[in-house]
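Taking it in order: structure first as structure tokens, then the write-up.
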Amino acid sequence: MSGTELQMTILDPAIPYVGTIFGSLEPGTMVVIHGSVAKDADRFQIDFQCGSSVKPRSDVAFHFNPRWKRSGLIVCNTLQNENWGREEITYQMPFTKGKPFEVIFLIFQHKFQVSSNGKHLLSYRHRINLERIDTLGIYGKVTINTIGIANHTTQLGSQPTSLALSTLNGSQGASQESLTFEVPYTGSLPNALSPGRTLAVKGEINKNAKSFAIDLKPSGSKNIALHLNPRIKEKVFVRNTYLYESWGEEERKLHDFPFFPDMYFELLIYCEAHRFKVAVNGQHLLEYKHRFKDLANISEISVHGDIQLYDVRVW
């Protein structure tokens, strides 16, 4: 993920922990928790609360609750007026008894997005207004080393240029405020691609997405120098090049598929002399050797498929 501006850090808190969140949780805030699960743990929970009252119990906007009583699962829910709502259950369990963990809660206007140990875990849509959350509670058989709350900055790299002003979708005459990244999107790079340059694509995958694609290509040509095509239903990330009116051999091998429905992502493409390097949400993902050798002719980026596109930047 991109850089953060630290707001608050708590070291080695006693459990149960109930602490005030100083300053409001706004979209872009990130809560990072490092700890370890007890060897005899049956459960623990992290609660984003609306106060710290016990009787009556304060509302809990987001209850995040890993459990091991049977098979491992994570229960998410909301408590309002001392009544629990409908449980949302995730059977992917990244926490191991007796082992350390990192869990990151990234906060959006409409949801929490949770990742653990560098991998996307789940999304949970707000049922209580974000503005009401003012307390963090951690309970159960867990040891916490650090709690960090930070502003997740949108500035990617040194003086990045947003391609909102170079869109080729026919809106060149519009004001900057009215420009949006509508999908399908095609934008011109301000300068030709060369080793050392980076492109960043920010977006959110649709809830029922099948696939999306990001293409780097020469202007006015059918050729595609780099075709990145995550296929959500199949959980396959296809990479390829289109030259001389023909697709080359697909590259599909990948250790972990990083994309999921309803997930926010930041994808970085770093150009080197002989290859591209691709990272997703701060994690290096893959390398792709250049098949289209004339890098200086790569002058467009296009994005299409089942996503909402928030930003495209280059530096």
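Chain lettering (A, B, ...) mirrors the order of the structure tokens, residue numbering begins at 1 for each chain separately, and ligand numbering begins at 1 in order of display.
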Excluding same-chain residues fewer than 4 positions from Lys119 of chain A, what lies within 12 Å of it counting only C-alpha atoms, as a short mmCIF file (atom, residue, chain, number, x, y, z; two decimals) with C-alpha atoms, in the first residue's frame?
data_model
loop_
_atom_site.label_atom_id
_atom_site.label_comp_id
_atom_site.auth_asym_id
_atom_site.auth_seq_id
_atom_site.Cartn_x
_atom_site.Cartn_y
_atom_site.Cartn_z
CA MET A 1 0.00 0.00 0.00
CA GLN A 92 -10.63 -18.41 5.46
CA MET A 93 -8.54 -18.41 8.67
CA PRO A 94 -5.18 -16.59 8.53
CA PHE A 95 -4.59 -16.78 12.31
CA PHE A 101 -0.03 -12.07 13.11
CA GLU A 102 -0.61 -8.72 11.47
CA VAL A 103 -4.14 -7.54 10.74
CA ILE A 104 -4.94 -4.32 8.88
CA PHE A 105 -8.33 -2.58 8.86
CA GLN A 113 -11.57 -3.85 4.23
CA VAL A 114 -9.49 -6.32 6.23
CA SER A 115 -6.20 -7.97 5.30
CA HIS A 255 1.67 -18.26 -5.88
CA ASP A 256 -1.42 -16.48 -4.56
CA PHE A 257 -4.30 -14.81 -6.37
CA PRO A 258 -4.66 -11.35 -4.77
CA PHE A 259 -8.05 -10.12 -6.04
CA PHE A 260 -11.50 -10.68 -4.58
CA MET A 263 -12.06 -5.36 -2.79
CA PHE A 265 -6.73 -2.38 -4.65
CA VAL A 280 -0.71 -5.25 -5.48
CA ASN A 281 -1.45 -3.46 -2.20
CA GLY A 282 2.22 -3.17 -1.38
CA GLN A 283 3.08 -6.83 -2.04
CA HIS A 284 5.36 -7.79 -4.95
CA LEU A 285 3.36 -10.14 -7.14
#
*Hey, what's within 10 Å of segment 29-33 of chain A if we count only C-alpha atoms and toss same-chain stuff fewer than 3 positions away? As a PyMOL selection string, please?*
chain A and resi 4-10+24-26+36+46+101-108+112-116+136+144-153
Non-local contacts of Val18 of chain A (9 Å; only C-alpha atoms; under 2 positions in same chain excluded) as a compact mmCIF listing (two decimals) with N, CA, C and O atoms, in the first residue's frame:
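And here's result_20.txt as it stands now:
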# COMPACT_ATOMS: atom_id res chain seq x y z
N ILE A 15 -4.73 -6.96 27.95
CA ILE A 15 -5.97 -7.48 27.38
C ILE A 15 -6.86 -7.96 28.52
O ILE A 15 -6.38 -8.69 29.39
N PRO A 16 -8.12 -7.62 28.61
CA PRO A 16 -8.87 -6.86 27.60
C PRO A 16 -8.41 -5.41 27.51
O PRO A 16 -8.07 -4.79 28.53
N THR A 20 -9.80 4.79 23.77
CA THR A 20 -10.41 5.82 22.93
C THR A 20 -9.59 6.02 21.66
O THR A 20 -8.37 6.03 21.68
N SER A 52 -17.74 3.08 25.39
CA SER A 52 -17.15 2.01 26.19
C SER A 52 -18.07 1.54 27.32
O SER A 52 -17.63 0.87 28.25
N THR A 135 -14.09 4.17 19.86
CA THR A 135 -13.42 3.29 20.81
C THR A 135 -13.00 2.00 20.13
O THR A 135 -13.75 1.46 19.30
N LEU A 136 -11.81 1.51 20.50
CA LEU A 136 -11.34 0.22 20.01
C LEU A 136 -11.27 -0.75 21.18
O LEU A 136 -10.71 -0.42 22.23
N GLY A 137 -11.87 -1.92 21.03
CA GLY A 137 -11.83 -2.94 22.08
C GLY A 137 -11.21 -4.22 21.55
O GLY A 137 -11.53 -4.65 20.44
N ILE A 138 -10.33 -4.84 22.35
CA ILE A 138 -9.71 -6.12 21.99
C ILE A 138 -9.85 -7.05 23.19
O ILE A 138 -9.47 -6.71 24.31
N TYR A 139 -10.39 -8.25 22.95
CA TYR A 139 -10.73 -9.17 24.03
C TYR A 139 -10.34 -10.60 23.63
O TYR A 139 -10.22 -10.91 22.45
Find the spatial neighbours of Arg43 of chain A, counting only C-alpha atoms, within a cut-off of 8 Å - ignore same-chain residues fewer than 2 positions away - and output them as a PDB file with N, CA, C and O atoms, in the first residue's frame.
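Saved as out.pdb:
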ATOM      1  N   ALA A  41      -6.045 -20.813  22.516  1.00  0.00           N
ATOM      2  CA  ALA A  41      -7.135 -19.887  22.169  1.00  0.00           C
ATOM      3  C   ALA A  41      -8.336 -20.628  21.593  1.00  0.00           C
ATOM      4  O   ALA A  41      -8.188 -21.571  20.809  1.00  0.00           O
ATOM      5  N   GLN A  45     -11.426 -11.243  19.808  1.00  0.00           N
ATOM      6  CA  GLN A  45     -12.225 -10.312  19.025  1.00  0.00           C
ATOM      7  C   GLN A  45     -11.625  -8.925  19.051  1.00  0.00           C
ATOM      8  O   GLN A  45     -10.964  -8.520  20.008  1.00  0.00           O
ATOM      9  N   ASN A  65     -14.300 -11.371  14.837  1.00  0.00           N
ATOM     10  CA  ASN A  65     -14.206 -12.411  15.865  1.00  0.00           C
ATOM     11  C   ASN A  65     -13.733 -13.761  15.295  1.00  0.00           C
ATOM     12  O   ASN A  65     -14.538 -14.598  14.904  1.00  0.00           O
ATOM     13  N   PRO A  66     -12.393 -13.998  15.261  1.00  0.00           N
ATOM     14  CA  PRO A  66     -11.889 -15.330  14.900  1.00  0.00           C
ATOM     15  C   PRO A  66     -12.226 -16.349  15.992  1.00  0.00           C
ATOM     16  O   PRO A  66     -12.075 -16.082  17.191  1.00  0.00           O
ATOM     17  N   ARG A  67     -12.663 -17.562  15.558  1.00  0.00           N
ATOM     18  CA  ARG A  67     -13.063 -18.610  16.494  1.00  0.00           C
ATOM     19  C   ARG A  67     -12.469 -19.952  16.058  1.00  0.00           C
ATOM     20  O   ARG A  67     -12.343 -20.224  14.875  1.00  0.00           O
ATOM     21  N   TRP A  68     -12.173 -20.801  17.068  1.00  0.00           N
ATOM     22  CA  TRP A  68     -11.601 -22.125  16.780  1.00  0.00           C
ATOM     23  C   TRP A  68     -12.365 -23.253  17.453  1.00  0.00           C
ATOM     24  O   TRP A  68     -11.855 -24.361  17.538  1.00  0.00           O
ATOM     25  N   LYS A  69     -13.544 -23.053  17.945  1.00  0.00           N
ATOM     26  CA  LYS A  69     -14.231 -24.096  18.711  1.00  0.00           C
ATOM     27  C   LYS A  69     -14.473 -25.339  17.859  1.00  0.00           C
ATOM     28  O   LYS A  69     -14.399 -26.456  18.351  1.00  0.00           O
ATOM     29  N   GLY A 140     -10.170 -11.474  24.627  1.00  0.00           N
ATOM     30  CA  GLY A 140      -9.966 -12.885  24.351  1.00  0.00           C
ATOM     31  C   GLY A 140      -8.527 -13.313  24.529  1.00  0.00           C
ATOM     32  O   GLY A 140      -7.683 -12.597  25.069  1.00  0.00           O
ATOM     33  N   LYS A 141      -8.226 -14.514  24.049  1.00  0.00           N
ATOM     34  CA  LYS A 141      -6.921 -15.140  24.257  1.00  0.00           C
ATOM     35  C   LYS A 141      -5.946 -14.717  23.172  1.00  0.00           C
ATOM     36  O   LYS A 141      -5.655 -15.446  22.217  1.00  0.00           O
TER      37      LYS A 141
END
